[in-house]
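Novice: Sending over start-v7.cif (mmCIF, C-alpha atoms and all ligand atoms).
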```cif
data_query
loop_
_atom_site.label_atom_id
_atom_site.label_comp_id
_atom_site.auth_asym_id
_atom_site.auth_seq_id
_atom_site.Cartn_x
_atom_site.Cartn_y
_atom_site.Cartn_z
CA MET A 655 86.99 251.29 1.41
CA SER A 656 86.57 254.31 -0.90
CA THR A 657 87.50 257.83 0.23
CA LEU A 658 86.04 261.04 -1.18
CA ILE A 659 88.29 264.07 -0.61
CA THR A 660 86.12 267.09 -1.16
CA ASN A 661 86.25 270.86 -0.72
CA VAL A 662 89.74 270.86 -2.28
CA GLY A 663 90.76 274.49 -2.81
CA GLU A 664 93.38 273.61 -5.39
CA LEU A 665 93.99 270.18 -6.90
CA VAL A 666 97.35 269.56 -8.57
CA THR A 667 96.69 266.85 -11.16
CA ASN A 668 99.87 267.10 -13.29
CA ASP A 669 97.62 266.38 -16.26
CA PRO A 670 99.97 266.67 -19.26
CA ASP A 671 97.09 267.75 -21.51
CA ALA A 672 96.17 270.75 -19.34
CA ASP A 673 97.05 274.31 -20.37
CA ASP A 674 99.13 274.88 -17.23
CA LEU A 675 102.07 272.80 -16.04
CA LEU A 676 100.36 271.47 -12.90
CA GLY A 677 96.92 270.85 -14.39
CA LEU A 678 95.36 272.87 -11.56
CA ARG A 679 91.64 272.53 -10.73
CA SER A 680 89.76 274.64 -8.20
CA ASP A 681 86.72 273.59 -6.13
CA ALA A 682 87.65 270.01 -6.93
CA ALA A 683 87.15 266.60 -5.40
CA LEU A 684 88.62 263.16 -5.94
CA VAL A 685 87.81 259.60 -4.97
CA LEU A 686 90.44 257.08 -3.91
CA ASP A 687 89.34 253.45 -4.22
CA GLU A 688 91.14 250.11 -4.24
CA GLY A 689 94.48 251.87 -4.10
CA VAL A 690 94.01 254.07 -7.14
CA VAL A 691 92.41 257.37 -8.13
CA ALA A 692 88.89 256.36 -9.13
CA TRP A 693 87.32 259.75 -9.89
CA VAL A 694 88.43 263.40 -10.31
CA GLY A 695 86.05 266.31 -10.91
CA ASP A 696 84.19 269.31 -9.56
CA ALA A 697 83.26 269.04 -5.88
CA ALA A 698 79.64 269.77 -6.81
CA ASP A 699 79.46 266.58 -8.92
CA ALA A 700 81.26 264.25 -6.50
CA PRO A 701 79.87 260.72 -6.16
CA ALA A 702 79.21 259.05 -2.81
CA ALA A 703 81.98 257.12 -1.07
CA ASP A 704 82.46 255.04 2.08
CA GLN A 705 84.13 257.94 3.86
CA VAL A 706 84.38 261.65 3.20
CA VAL A 707 87.35 263.88 4.01
CA ASP A 708 86.71 267.64 3.99
CA ALA A 709 89.94 269.26 2.74
CA GLY A 710 88.79 272.57 4.17
CA GLY A 711 89.82 274.46 1.07
CA GLY A 712 93.39 273.13 1.32
CA ALA A 713 95.49 272.10 -1.65
CA VAL A 714 95.81 268.43 -2.63
CA LEU A 715 98.91 267.35 -4.57
CA PRO A 716 100.32 264.06 -5.84
CA GLY A 717 102.58 262.56 -3.18
CA PHE A 718 106.20 263.58 -3.57
CA VAL A 719 108.45 261.13 -5.41
CA ASP A 720 111.91 261.33 -3.82
CA SER A 721 114.07 259.59 -6.42
CA HIS A 722 117.42 259.84 -4.61
CA SER A 723 118.30 258.97 -1.02
CA HIS A 724 120.92 257.07 0.97
CA LEU A 725 119.03 255.97 4.09
CA VAL A 726 120.93 252.80 5.00
CA PHE A 727 123.66 254.07 7.30
CA ALA A 728 124.66 254.36 10.95
CA GLY A 729 125.94 257.34 12.90
CA ASP A 730 126.04 260.93 11.72
CA ARG A 731 128.59 263.51 10.60
CA ALA A 732 127.47 266.57 12.52
CA GLU A 733 131.12 267.41 13.30
CA GLU A 734 131.96 267.37 9.58
CA PHE A 735 129.03 269.74 8.99
CA ARG A 736 130.28 272.04 11.75
CA ALA A 737 133.73 272.15 10.14
CA ARG A 738 132.20 272.89 6.72
CA MET A 739 130.20 275.75 8.09
CA ALA A 740 133.51 277.08 9.47
CA GLY A 741 135.02 277.02 5.97
CA GLU A 742 136.12 273.43 5.19
CA ARG A 743 135.29 272.09 1.74
CA TYR A 744 133.05 269.05 1.23
CA ALA A 745 135.06 266.04 0.01
CA ALA A 746 133.85 262.58 -0.97
CA GLY A 747 136.30 261.06 1.54
CA GLY A 748 133.88 261.75 4.40
CA ILE A 749 131.82 258.84 3.06
CA ARG A 750 134.39 256.47 4.61
CA THR A 751 133.43 257.68 8.11
CA THR A 752 129.87 256.51 7.52
CA VAL A 753 131.12 253.27 5.95
CA ALA A 754 132.96 252.40 9.19
CA ALA A 755 129.87 253.12 11.33
CA THR A 756 127.58 251.21 8.96
CA ARG A 757 129.76 248.10 8.90
CA ALA A 758 129.75 248.06 12.72
CA ALA A 759 125.93 248.33 13.00
CA THR A 760 123.49 245.45 13.33
CA ASP A 761 120.83 244.80 10.68
CA ASP A 762 118.21 245.84 13.22
CA ALA A 763 119.93 249.15 13.90
CA LEU A 764 120.19 249.87 10.16
CA ALA A 765 116.53 249.00 9.64
CA ALA A 766 115.45 251.18 12.57
CA ASN A 767 117.30 254.13 11.06
CA VAL A 768 115.68 253.62 7.66
CA GLU A 769 112.27 253.30 9.32
CA ARG A 770 112.82 256.57 11.20
CA LEU A 771 113.83 258.46 8.07
CA VAL A 772 111.07 257.02 5.87
CA ALA A 773 108.57 258.09 8.57
CA GLU A 774 110.08 261.59 8.56
CA MET A 775 109.73 261.70 4.78
CA ARG A 776 106.15 260.46 4.94
CA ARG A 777 105.15 263.18 7.39
CA GLN A 778 106.50 265.70 4.88
CA GLY A 779 104.53 264.30 1.96
CA THR A 780 106.86 261.78 0.33
CA THR A 781 104.98 258.70 -0.86
CA THR A 782 107.62 257.05 -3.07
CA VAL A 783 111.28 256.88 -2.09
CA GLU A 784 114.34 255.43 -3.78
CA ILE A 785 116.96 254.10 -1.35
CA LYS A 786 120.59 253.36 -2.22
CA SER A 787 123.20 251.17 -0.62
CA GLY A 788 126.75 252.50 -0.68
CA TYR A 789 127.91 252.65 2.94
CA GLY A 790 128.71 248.94 3.21
CA LEU A 791 131.23 248.48 0.39
CA THR A 792 131.87 244.81 1.15
CA VAL A 793 129.94 241.98 -0.50
CA ALA A 794 128.07 241.18 2.71
CA ASP A 795 127.48 244.79 3.79
CA GLU A 796 126.16 245.91 0.40
CA ALA A 797 123.86 242.87 0.18
CA ARG A 798 122.44 243.44 3.66
CA SER A 799 122.08 247.19 3.04
CA LEU A 800 119.89 246.44 0.03
CA GLU A 801 117.99 243.72 1.86
CA VAL A 802 117.16 246.31 4.55
CA ALA A 803 116.25 248.96 1.96
CA ALA A 804 113.94 246.52 0.16
CA ARG A 805 111.85 246.20 3.34
CA PHE A 806 110.78 249.82 2.79
CA THR A 807 110.70 250.37 -0.98
CA ASP A 808 110.78 248.64 -4.38
CA GLU A 809 113.09 251.39 -5.64
CA THR A 810 116.39 250.03 -4.39
CA THR A 811 119.73 251.00 -5.91
CA PHE A 812 123.08 249.20 -5.66
CA LEU A 813 125.80 251.82 -5.10
CA GLY A 814 128.86 249.67 -4.42
CA ALA A 815 130.72 252.23 -6.58
CA HIS A 816 130.24 255.04 -4.06
CA VAL A 817 133.89 255.46 -3.08
CA VAL A 818 136.86 253.09 -3.01
CA PRO A 819 136.93 251.82 0.59
CA GLN A 820 140.06 252.20 2.71
CA GLU A 821 141.17 248.56 2.35
CA TYR A 822 141.30 248.96 -1.46
CA ALA A 823 142.95 252.40 -1.43
CA GLY A 824 146.02 251.00 -3.19
CA ASP A 825 144.02 248.90 -5.65
CA PRO A 826 141.04 250.75 -7.10
CA ALA A 827 140.98 248.44 -10.13
CA GLY A 828 140.67 245.48 -7.78
CA TYR A 829 137.74 247.19 -6.06
CA VAL A 830 135.95 247.75 -9.39
CA GLU A 831 136.43 244.04 -10.11
CA LEU A 832 134.83 243.23 -6.76
CA VAL A 833 131.90 245.61 -7.43
CA THR A 834 131.26 244.26 -10.93
CA GLY A 835 131.75 240.62 -9.84
CA PRO A 836 130.83 239.10 -6.48
CA MET A 837 129.34 242.26 -4.96
CA LEU A 838 126.98 242.76 -7.89
CA ALA A 839 126.00 239.09 -7.78
CA ALA A 840 125.06 239.42 -4.09
CA ALA A 841 123.34 242.78 -4.52
CA ALA A 842 121.37 242.23 -7.73
CA PRO A 843 118.58 240.08 -6.20
CA HIS A 844 117.69 243.00 -3.89
CA ALA A 845 118.12 245.91 -6.32
CA ARG A 846 116.27 247.50 -9.23
CA TRP A 847 118.96 250.04 -10.15
CA ILE A 848 122.74 250.37 -10.27
CA ASP A 849 124.50 253.67 -9.62
CA ALA A 850 128.08 254.97 -9.50
CA PHE A 851 129.63 258.18 -8.18
CA CYS A 852 131.49 259.46 -11.26
CA GLU A 853 133.61 262.28 -9.87
CA THR A 854 137.24 263.15 -9.10
CA GLY A 855 138.03 261.35 -5.85
CA ALA A 856 135.47 258.60 -6.51
CA PHE A 857 135.26 256.70 -9.86
CA ASP A 858 136.43 257.83 -13.29
CA VAL A 859 134.35 257.56 -16.43
CA ASP A 860 135.82 254.22 -17.54
CA GLN A 861 135.16 252.70 -14.13
CA ALA A 862 131.62 254.09 -14.08
CA ARG A 863 131.01 252.71 -17.56
CA ALA A 864 132.26 249.27 -16.46
CA VAL A 865 130.00 249.30 -13.38
CA LEU A 866 126.91 250.28 -15.40
CA ALA A 867 127.66 247.67 -18.07
CA ALA A 868 128.01 244.90 -15.49
CA GLY A 869 124.80 246.06 -13.82
CA ALA A 870 122.92 246.06 -17.11
CA ALA A 871 124.13 242.51 -17.78
CA ALA A 872 122.69 241.55 -14.38
CA GLY A 873 119.34 243.15 -15.23
CA LEU A 874 119.76 246.40 -13.30
CA ARG A 875 118.88 249.78 -14.79
CA GLY A 876 121.55 252.48 -14.61
CA ARG A 877 121.66 255.91 -12.99
CA LEU A 878 124.64 258.07 -12.05
CA HIS A 879 125.91 260.61 -9.52
CA ALA A 880 127.76 263.10 -11.70
CA ASN A 881 129.09 266.67 -12.01
CA GLN A 882 128.49 267.40 -8.31
CA LEU A 883 131.89 268.84 -7.38
CA GLY A 884 133.08 270.04 -10.79
CA ARG A 885 132.69 269.59 -14.52
CA GLY A 886 133.40 266.06 -15.65
CA PRO A 887 132.39 263.35 -18.08
CA GLY A 888 129.62 261.74 -16.00
CA VAL A 889 126.64 263.63 -17.38
CA ALA A 890 127.78 263.04 -20.95
CA LEU A 891 128.13 259.32 -20.17
CA ALA A 892 124.60 259.21 -18.75
CA ALA A 893 123.23 260.87 -21.89
CA GLU A 894 125.25 258.62 -24.19
CA LEU A 895 123.90 255.52 -22.45
CA GLY A 896 120.36 256.93 -22.41
CA LEU A 897 120.07 256.48 -18.65
CA THR A 898 116.73 257.28 -17.06
CA ALA A 899 118.30 259.87 -14.76
CA VAL A 900 121.58 261.50 -13.80
CA ASP A 901 121.81 263.16 -10.42
CA HIS A 902 123.45 266.34 -9.04
CA CYS A 903 124.23 268.13 -12.38
CA THR A 904 125.65 271.13 -10.55
CA TYR A 905 128.51 271.88 -12.98
CA LEU A 906 127.44 271.52 -16.63
CA THR A 907 128.87 272.58 -19.97
CA ASP A 908 126.58 273.67 -22.81
CA ALA A 909 127.38 270.33 -24.47
CA ASP A 910 126.15 268.50 -21.33
CA VAL A 911 122.87 270.43 -21.42
CA ASP A 912 122.38 269.68 -25.14
CA ALA A 913 123.16 266.01 -24.56
CA LEU A 914 120.60 265.77 -21.74
CA ARG A 915 117.89 267.34 -23.89
CA GLU A 916 118.62 264.99 -26.76
CA SER A 917 118.78 261.81 -24.65
CA GLY A 918 115.71 262.68 -22.54
CA THR A 919 117.69 261.72 -19.43
CA VAL A 920 116.14 263.38 -16.37
CA ALA A 921 118.48 265.77 -14.55
CA THR A 922 117.82 265.23 -10.85
CA LEU A 923 118.76 268.28 -8.82
CA LEU A 924 119.50 267.94 -5.11
CA PRO A 925 119.45 271.38 -3.48
CA GLY A 926 119.85 269.97 0.02
CA VAL A 927 123.43 269.19 -1.01
CA GLU A 928 124.33 272.73 -1.97
CA PHE A 929 122.58 274.02 1.15
CA SER A 930 124.61 271.68 3.36
CA THR A 931 127.95 271.96 1.56
CA ARG A 932 127.86 275.70 0.80
CA GLN A 933 128.44 275.05 -2.88
CA PRO A 934 126.75 276.92 -5.72
CA TYR A 935 123.27 275.63 -6.52
CA PRO A 936 122.63 273.95 -9.90
CA ASP A 937 121.07 276.22 -12.53
CA ALA A 938 117.63 274.72 -12.98
CA ARG A 939 116.50 277.65 -15.12
CA ARG A 940 119.18 276.91 -17.71
CA LEU A 941 118.11 273.26 -17.89
CA LEU A 942 114.39 274.00 -18.11
CA ASP A 943 114.88 276.71 -20.75
CA ALA A 944 116.92 274.22 -22.79
CA GLY A 945 114.08 271.66 -22.63
CA VAL A 946 115.75 269.23 -20.21
CA ARG A 947 113.48 267.25 -17.91
CA VAL A 948 114.20 268.08 -14.26
CA ALA A 949 113.48 266.25 -11.00
CA LEU A 950 114.02 267.40 -7.43
CA ALA A 951 115.07 264.96 -4.72
CA SER A 952 116.43 265.11 -1.17
CA ASP A 953 119.63 263.01 -1.46
CA CYS A 954 119.00 262.38 2.23
CA ASN A 955 122.32 261.10 3.66
CA PRO A 956 124.43 261.89 6.74
CA GLY A 957 127.18 263.69 4.81
CA SER A 958 126.18 266.05 2.04
CA SER A 959 122.43 266.53 2.70
CA TYR A 960 120.89 265.35 5.97
CA THR A 961 117.37 266.49 5.14
CA SER A 962 114.37 264.28 4.45
CA SER A 963 112.24 267.26 3.40
CA ILE A 964 110.99 267.67 -0.16
CA PRO A 965 109.15 270.87 0.87
CA LEU A 966 112.56 272.32 1.84
CA CYS A 967 113.97 271.24 -1.55
CA ILE A 968 111.05 272.93 -3.31
CA ALA A 969 111.62 276.16 -1.38
CA LEU A 970 115.36 276.12 -2.14
CA ALA A 971 114.75 275.37 -5.83
CA VAL A 972 112.43 278.36 -6.08
CA ARG A 973 114.60 280.75 -4.08
CA GLU A 974 118.03 279.68 -5.32
CA MET A 975 117.71 277.82 -8.61
CA GLY A 976 115.41 279.93 -10.74
CA MET A 977 112.41 277.60 -10.68
CA THR A 978 108.84 278.82 -10.42
CA PRO A 979 106.84 277.23 -7.59
CA ALA A 980 104.87 275.28 -10.21
CA GLU A 981 108.05 273.98 -11.85
CA ALA A 982 109.48 272.95 -8.48
CA VAL A 983 106.31 271.09 -7.44
CA HIS A 984 106.17 269.41 -10.85
CA ALA A 985 109.83 268.37 -10.54
CA ALA A 986 109.20 266.85 -7.09
CA THR A 987 106.19 264.84 -8.27
CA ALA A 988 106.01 264.09 -12.02
CA GLY A 989 109.75 264.75 -12.33
CA GLY A 990 110.61 262.24 -9.62
CA ALA A 991 108.32 259.68 -11.24
CA ALA A 992 110.10 260.20 -14.60
CA ALA A 993 113.47 259.85 -12.86
CA LEU A 994 112.36 256.41 -11.64
CA GLY A 995 110.69 255.45 -14.91
CA ARG A 996 107.35 255.19 -13.09
CA ALA A 997 104.02 255.76 -14.86
CA ASP A 998 101.86 254.89 -11.83
CA VAL A 999 102.88 257.74 -9.51
CA GLY A 1000 103.53 261.50 -9.78
CA ALA A 1001 100.07 262.56 -10.93
CA LEU A 1002 96.48 262.50 -9.70
CA ALA A 1003 94.63 261.07 -12.68
CA LEU A 1004 92.28 258.14 -13.13
CA GLY A 1005 94.01 254.84 -12.46
CA ARG A 1006 97.15 256.32 -10.92
CA ARG A 1007 98.18 255.04 -7.52
CA ALA A 1008 96.21 256.93 -4.87
CA ASP A 1009 99.22 258.75 -3.39
CA ALA A 1010 98.16 262.22 -2.31
CA VAL A 1011 99.11 265.01 0.06
CA LEU A 1012 96.71 267.47 1.71
CA LEU A 1013 98.21 270.82 2.72
CA GLY A 1014 96.91 273.10 5.42
CA ALA A 1015 97.30 275.90 2.88
CA PRO A 1016 95.23 276.93 -0.12
CA SER A 1017 97.77 276.36 -2.91
CA HIS A 1018 101.06 274.74 -3.90
CA LEU A 1019 102.65 278.23 -3.79
CA HIS A 1020 102.71 278.03 -0.02
CA LEU A 1021 105.33 275.24 -0.11
CA ALA A 1022 107.89 277.85 -1.22
CA TYR A 1023 106.18 280.92 0.22
CA ARG A 1024 106.16 279.47 3.77
CA PRO A 1025 109.57 277.78 4.00
CA GLY A 1026 110.19 275.60 7.02
CA VAL A 1027 106.52 275.49 8.03
CA PRO A 1028 105.02 272.00 8.42
CA LEU A 1029 102.09 272.39 6.00
CA VAL A 1030 101.35 268.70 5.35
CA ARG A 1031 98.05 267.72 7.04
CA GLN A 1032 97.39 264.28 5.61
CA VAL A 1033 99.16 261.81 3.33
CA TRP A 1034 97.54 258.90 1.49
CA VAL A 1035 99.61 256.02 0.15
CA ALA A 1036 97.71 253.71 -2.21
CA GLY A 1037 94.52 255.21 -0.75
CA GLU A 1038 95.42 254.60 2.91
CA ALA A 1039 95.63 257.66 5.18
CA THR A 1040 98.93 257.61 7.04
CA GLN A 1041 98.81 260.56 9.47
CA ALA A 1042 97.16 260.37 12.86
O1 LIG A 1101 124.90 262.03 -3.20
N1 LIG A 1101 127.95 262.33 -3.84
C1 LIG A 1101 128.05 261.21 -3.38
N2 LIG A 1101 127.31 260.65 -2.45
C2 LIG A 1101 126.43 261.35 -1.59
C3 LIG A 1101 127.12 261.90 -0.40
C4 LIG A 1101 127.44 260.87 0.56
C5 LIG A 1101 128.11 261.33 1.80
O2 LIG A 1101 128.74 262.40 1.87
O3 LIG A 1101 128.04 260.52 2.74
C6 LIG A 1101 125.69 262.41 -2.36
O4 LIG A 1101 125.88 263.61 -2.13
FE FE A 1102 123.53 260.82 -3.54
#
```
Since I need it in another form, could you write the structure as structure tokens?
Ligand code: NIG
Ligand code: FE
Specialist:
Amino acid sequence: MSTLITNVGELVTNDPDADDLLGLRSDAALVLDEGVVAWVGDAADAPAADQVVDAGGGAVLPGFVDSHSHLVFAGDRAEEFRARMAGERYAAGGIRTTVAATRAATDDALAANVERLVAEMRRQGTTTVEIKSGYGLTVADEARSLEVAARFTDETTFLGAHVVPQEYAGDPAGYVELVTGPMLAAAAPHARWIDAFCETGAFDVDQARAVLAAGAAAGLRGRLHANQLGRGPGVALAAELGLTAVDHCTYLTDADVDALRESGTVATLLPGVEFSTRQPYPDARRLLDAGVRVALASDCNPGSSYTSSIPLCIALAVREMGMTPAEAVHAATAGGAAALGRADVGALALGRRADAVLLGAPSHLHLAYRPGVPLVRQVWVAGEATQA
């Protein structure tokens, strides 16, 4: 069934050939048919369709592409958050708390939690989500985490190299052998990507390199968590390997920024993390001015960033990271698509997947201008309306 969305006050197309970054059109309309965008133009010229949606002058955007989340977990770490807000520092070791809770949970409980969080994301305009494992850290628990994640998305990422679990604390090399051997073998059938947390207290650059190499040999594409807690070699490794994306990028040297520009690796910034850990925000302005491609994602997880809200990330990026509202919206749509190597999402152009968000506000500016306000009125995924 075809859907005409008309009376669109502002349409964000992300057309790369437009004069402005977002390819904005006013008084626009679009037709969604057979799961894709079938027509875009002036409302006055709109063709007939099986059903008509009056956008009421609201803005229509491409659905948000959240390229970084950790939704397969059990329990929460509210107490850790309380302690941080009282002055404790964030440390990667908190991940082990969630690992214990996740191992103890049933598959059904894990799936119910993912379903809840994906629904939260959807209500806030996210139409594509990447989901990582990384709270199982045994062969069986990583495999089932990815099997659960794959019920909700094609963008699944094996993150066995999240931290060294307690039982391998005295033998990190043995754990890397497990990750690159039997754990990878069990995870690979359910994963598209492989990731590692390259940071002091997690995995060093040689270990991260070994994990990515083993993943590549198993047919998985690489991405990295890097330079979240301090400067380090992870971003340079991502650029050297020509990875599609490297995530966090909070502490960067000038050489890191140059390397990202030259490799074309997308720097995925995760402002929910800095919000929730009271760390300095990444400098998006510096990256954009240097010509680095930037994405925004939620990093939704129970430790460092328990938000599922891309609108919040957009508002934080504008207020705290030097991005214009247009740059932030672009980074959360086209940027996220680039960070996942996806050409079918992140824009509203002919033939793209019909993933769209209708705001109860006249322009994309309102996402940052009205922080914390639920502006999303309707969300279409492959042309299907998902809100009541
Ligand atoms: O992306 N940095 C590493 N991993 C997650 C945090 C996970 C946690 O604290 O549970 C992140 O921030
Ligand atoms: Fe993460």
Novice: With distances taken over only C-alpha atoms, which residue among A:Cys852, A:Leu895, A:Ala1010, A:Ala969 lies nearest Leu883 in chain A?
Specialist: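 Looking at the shortest contact to Leu883 in chain A, the residue is A:Cys852.
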Novice: In terms of the shortest atom-to-atom distance over all atoms listed in the file, which of A:Arg863, A:Arg846, A:His902, A:Arg885 is closest to ligand LIG 1101 (chain A)?
Specialist: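 Residue with the minimum atom-to-atom distance to ligand LIG 1101 (chain A): A:His902.
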Novice: Measuring atom to atom with all atoms listed in the file, identify which of A:Arg947, A:Arg1024, A:Arg875, A:His1018 is nearest to Ala985 in chain A.
Specialist: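 Nearest to Ala985 in chain A: A:Arg947.
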Novice: Hey, can you check how far CA of Tyr960 in chain A sits from CA of Ala845 in chain A?
Specialist: 23.2 Å
Novice: Using all atoms listed in the file, which residues of the polymer chains come no farther than 10 Å from ligand LIG 1101 (chain A)? I'd like the answer as an MDAnalysis selection string.
Specialist: chainID A and resid 722:724 727 730:731 734 744:753 786 788:789 813 815:817 850:853 856 878:883 901:902 924 926:928 930:931 952:960
Novice: Please return as a PDB file with C-alpha atoms, in the coordinates of the input every residue within 10 Å of (112.0, 268.0, -8.4), taking into account only C-alpha atoms and the file's own coordinates.
Specialist:
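As a result, part.pdb now contains:
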```
ATOM      1  CA  PHE A 718     106.200 263.580  -3.570  1.00  0.00           C
ATOM      2  CA  VAL A 719     108.450 261.130  -5.410  1.00  0.00           C
ATOM      3  CA  ASP A 720     111.910 261.330  -3.820  1.00  0.00           C
ATOM      4  CA  SER A 721     114.070 259.590  -6.420  1.00  0.00           C
ATOM      5  CA  ALA A 921     118.480 265.770 -14.550  1.00  0.00           C
ATOM      6  CA  THR A 922     117.820 265.230 -10.850  1.00  0.00           C
ATOM      7  CA  LEU A 923     118.760 268.280  -8.820  1.00  0.00           C
ATOM      8  CA  LEU A 924     119.500 267.940  -5.110  1.00  0.00           C
ATOM      9  CA  PRO A 925     119.450 271.380  -3.480  1.00  0.00           C
ATOM     10  CA  ALA A 938     117.630 274.720 -12.980  1.00  0.00           C
ATOM     11  CA  ARG A 947     113.480 267.250 -17.910  1.00  0.00           C
ATOM     12  CA  VAL A 948     114.200 268.080 -14.260  1.00  0.00           C
ATOM     13  CA  ALA A 949     113.480 266.250 -11.000  1.00  0.00           C
ATOM     14  CA  LEU A 950     114.020 267.400  -7.430  1.00  0.00           C
ATOM     15  CA  ALA A 951     115.070 264.960  -4.720  1.00  0.00           C
ATOM     16  CA  SER A 952     116.430 265.110  -1.170  1.00  0.00           C
ATOM     17  CA  ILE A 964     110.990 267.670  -0.160  1.00  0.00           C
ATOM     18  CA  CYS A 967     113.970 271.240  -1.550  1.00  0.00           C
ATOM     19  CA  ILE A 968     111.050 272.930  -3.310  1.00  0.00           C
ATOM     20  CA  ALA A 971     114.750 275.370  -5.830  1.00  0.00           C
ATOM     21  CA  MET A 977     112.410 277.600 -10.680  1.00  0.00           C
ATOM     22  CA  GLU A 981     108.050 273.980 -11.850  1.00  0.00           C
ATOM     23  CA  ALA A 982     109.480 272.950  -8.480  1.00  0.00           C
ATOM     24  CA  VAL A 983     106.310 271.090  -7.440  1.00  0.00           C
ATOM     25  CA  HIS A 984     106.170 269.410 -10.850  1.00  0.00           C
ATOM     26  CA  ALA A 985     109.830 268.370 -10.540  1.00  0.00           C
ATOM     27  CA  ALA A 986     109.200 266.850  -7.090  1.00  0.00           C
ATOM     28  CA  THR A 987     106.190 264.840  -8.270  1.00  0.00           C
ATOM     29  CA  ALA A 988     106.010 264.090 -12.020  1.00  0.00           C
ATOM     30  CA  GLY A 989     109.750 264.750 -12.330  1.00  0.00           C
ATOM     31  CA  GLY A 990     110.610 262.240  -9.620  1.00  0.00           C
ATOM     32  CA  ALA A 991     108.320 259.680 -11.240  1.00  0.00           C
ATOM     33  CA  ALA A 993     113.470 259.850 -12.860  1.00  0.00           C
TER      34      ALA A 993
END
```
Novice: Excluding same-chain residues fewer than 6 positions from Leu897 in chain A, what lies within 9 Å of it counting all atoms listed in the file, as a list in words?
Specialist: Arg875, Gly876, Arg877, Leu878, Leu891, Ser917, Gly918, Thr919 and Val920 of chain A
Novice: Counting only C-alpha atoms, figure out which residue out of A:Val911, A:Ala804, A:Ile848, A:Val694 gets nearest to Val714 in chain A.
Specialist: A:Val694
Novice: Please fill the gaps in range 905-916 of chain A so it has N, CA and C atoms, and write that as an mmCIF file, in the coordinates of the input.
Specialist:
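Ended up saving to rebuild-v4.cif:
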```
data_model
loop_
_atom_site.group_PDB
_atom_site.id
_atom_site.type_symbol
_atom_site.label_atom_id
_atom_site.label_comp_id
_atom_site.auth_asym_id
_atom_site.auth_seq_id
_atom_site.Cartn_x
_atom_site.Cartn_y
_atom_site.Cartn_z
ATOM 1 N N TYR A 905 127.557 271.230 -12.072
ATOM 2 C CA TYR A 905 128.510 271.880 -12.980
ATOM 3 C C TYR A 905 128.325 271.291 -14.384
ATOM 4 N N LEU A 906 127.739 272.062 -15.296
ATOM 5 C CA LEU A 906 127.440 271.520 -16.630
ATOM 6 C C LEU A 906 127.994 272.429 -17.718
ATOM 7 N N THR A 907 128.514 271.822 -18.777
ATOM 8 C CA THR A 907 128.870 272.580 -19.970
ATOM 9 C C THR A 907 127.628 272.690 -20.862
ATOM 10 N N ASP A 908 127.702 273.577 -21.851
ATOM 11 C CA ASP A 908 126.580 273.670 -22.810
ATOM 12 C C ASP A 908 126.380 272.331 -23.513
ATOM 13 N N ALA A 909 127.492 271.632 -23.795
ATOM 14 C CA ALA A 909 127.380 270.330 -24.470
ATOM 15 C C ALA A 909 126.639 269.326 -23.571
ATOM 16 N N ASP A 910 126.882 269.389 -22.258
ATOM 17 C CA ASP A 910 126.150 268.500 -21.330
ATOM 18 C C ASP A 910 124.649 268.780 -21.400
ATOM 19 N N VAL A 911 124.295 270.059 -21.398
ATOM 20 C CA VAL A 911 122.870 270.430 -21.420
ATOM 21 C C VAL A 911 122.229 269.939 -22.719
ATOM 22 N N ASP A 912 122.916 270.149 -23.848
ATOM 23 C CA ASP A 912 122.380 269.680 -25.140
ATOM 24 C C ASP A 912 122.207 268.156 -25.123
ATOM 25 N N ALA A 913 123.211 267.478 -24.570
ATOM 26 C CA ALA A 913 123.160 266.010 -24.560
ATOM 27 C C ALA A 913 121.988 265.516 -23.715
ATOM 28 N N LEU A 914 121.723 266.184 -22.592
ATOM 29 C CA LEU A 914 120.600 265.770 -21.740
ATOM 30 C C LEU A 914 119.273 265.968 -22.466
ATOM 31 N N ARG A 915 119.143 267.105 -23.151
ATOM 32 C CA ARG A 915 117.890 267.340 -23.890
ATOM 33 C C ARG A 915 117.695 266.257 -24.941
ATOM 34 N N GLU A 916 118.767 265.952 -25.663
ATOM 35 C CA GLU A 916 118.620 264.990 -26.760
ATOM 36 C C GLU A 916 118.354 263.576 -26.258
#
```
